[in-house]
Amino acid sequence: MSKKDDNKKNELDPKCFDRRQHNYGFTNRGELIPCCWLDNQNNRTDPTYQKLLSVSNIKDHDSVEDILLQPEWIEFNKNLAKGKGFPQCHKICKKEAKFQRQTIYEPGFDKRVRDT
């Protein structure tokens with residue numbers, strides 16, 4: 001694979017930027033996270049992700065907007081716009097990624113399937 005092909009492999013197409021997927025999620029620990037796909041053990045050991053989580057607990061803030069205005073979140077969003085994200089971002093939202101089928105269960109509704 002050429003270097004040009006390798007760079008293309010890592011280009012991001014963040015679904016959260018154009019609303020193909022919900023923007024944020026909350027962990028069961030009360031942390032706001034950029035995407036539900038990021039809540040896994042591999043990311044939790046990443047120093048940059050830990051830095052983001054350190055300013056993301058809702059009990060430490062008055063609102064979600066307050067968390068999003070933290071320098072760590074601003075930096076994360078700028079990096080994501082430049083194609084830099086956590087390894088999971090590059091796995092789920094790489095440009096040539098095929099849409100994935102998800103089964104979503106919502107209270108009071110039947111199961112529905114959608115492509116992300």
# chains A, B, ... in the order shown; residues from 1 in each chain; ligands from 1
>>> residues_around(residues="range 38-45 of chain A", least_positions_apart="3", cutoff="12 Å", atoms="only C-alpha atoms", output="mmCIF file with C-alpha atoms, in the first residue's frame")
data_model
loop_
_atom_site.group_PDB
_atom_site.id
_atom_site.type_symbol
_atom_site.label_atom_id
_atom_site.label_comp_id
_atom_site.auth_asym_id
_atom_site.auth_seq_id
_atom_site.Cartn_x
_atom_site.Cartn_y
_atom_site.Cartn_z
ATOM 1 C CA ASN A 23 -23.328 13.474 18.869
ATOM 2 C CA TYR A 24 -22.723 12.492 22.471
ATOM 3 C CA GLY A 25 -23.286 9.774 24.980
ATOM 4 C CA PHE A 26 -23.102 9.377 28.730
ATOM 5 C CA THR A 27 -21.314 6.555 30.481
ATOM 6 C CA ASN A 28 -22.734 4.837 33.537
ATOM 7 C CA ARG A 29 -20.043 6.783 35.441
ATOM 8 C CA GLY A 30 -21.682 10.119 34.559
ATOM 9 C CA GLU A 31 -19.121 11.113 31.933
ATOM 10 C CA LEU A 32 -20.075 12.858 28.729
ATOM 11 C CA ILE A 33 -18.313 11.153 25.820
ATOM 12 C CA PRO A 34 -18.121 12.224 22.170
ATOM 13 C CA CYS A 35 -19.707 9.043 20.846
ATOM 14 C CA THR A 48 -5.636 11.643 25.597
ATOM 15 C CA TYR A 49 -9.028 10.039 26.216
ATOM 16 C CA GLN A 50 -8.350 10.076 29.977
ATOM 17 C CA LYS A 51 -7.580 13.787 29.714
ATOM 18 C CA LEU A 52 -10.935 14.357 27.981
ATOM 19 C CA LEU A 53 -12.771 12.283 30.590
ATOM 20 C CA SER A 54 -11.113 14.193 33.429
ATOM 21 C CA GLY A 85 -9.270 11.107 16.467
ATOM 22 C CA PHE A 86 -9.035 8.166 18.801
ATOM 23 C CA PRO A 87 -8.306 4.768 17.217
ATOM 24 C CA GLN A 88 -12.000 3.871 17.500
ATOM 25 C CA CYS A 89 -12.882 7.027 15.541
ATOM 26 C CA HIS A 90 -10.661 5.814 12.703
ATOM 27 C CA LYS A 91 -12.255 2.383 12.841
ATOM 28 C CA ILE A 92 -15.920 3.459 12.906
ATOM 29 C CA CYS A 93 -15.793 6.718 10.957
#
>>> atom_distance(atom1="CA of Ser56 in chain A", atom2="CA of Leu12 in chain A")
23.4 Å
>>> atom_distance(atom1="CA of Trp73 in chain A", atom2="CA of Lys15 in chain A")
17.1 Å
>>> residues_around(residues="Ile74 in chain A", least_positions_apart="6", cutoff="12 Å", atoms="only C-alpha atoms", output="list in words")
Pro34, Leu52, Val55, Glu65, Asp66, Ile67, Leu68, Leu80 and Ala81 of chain A
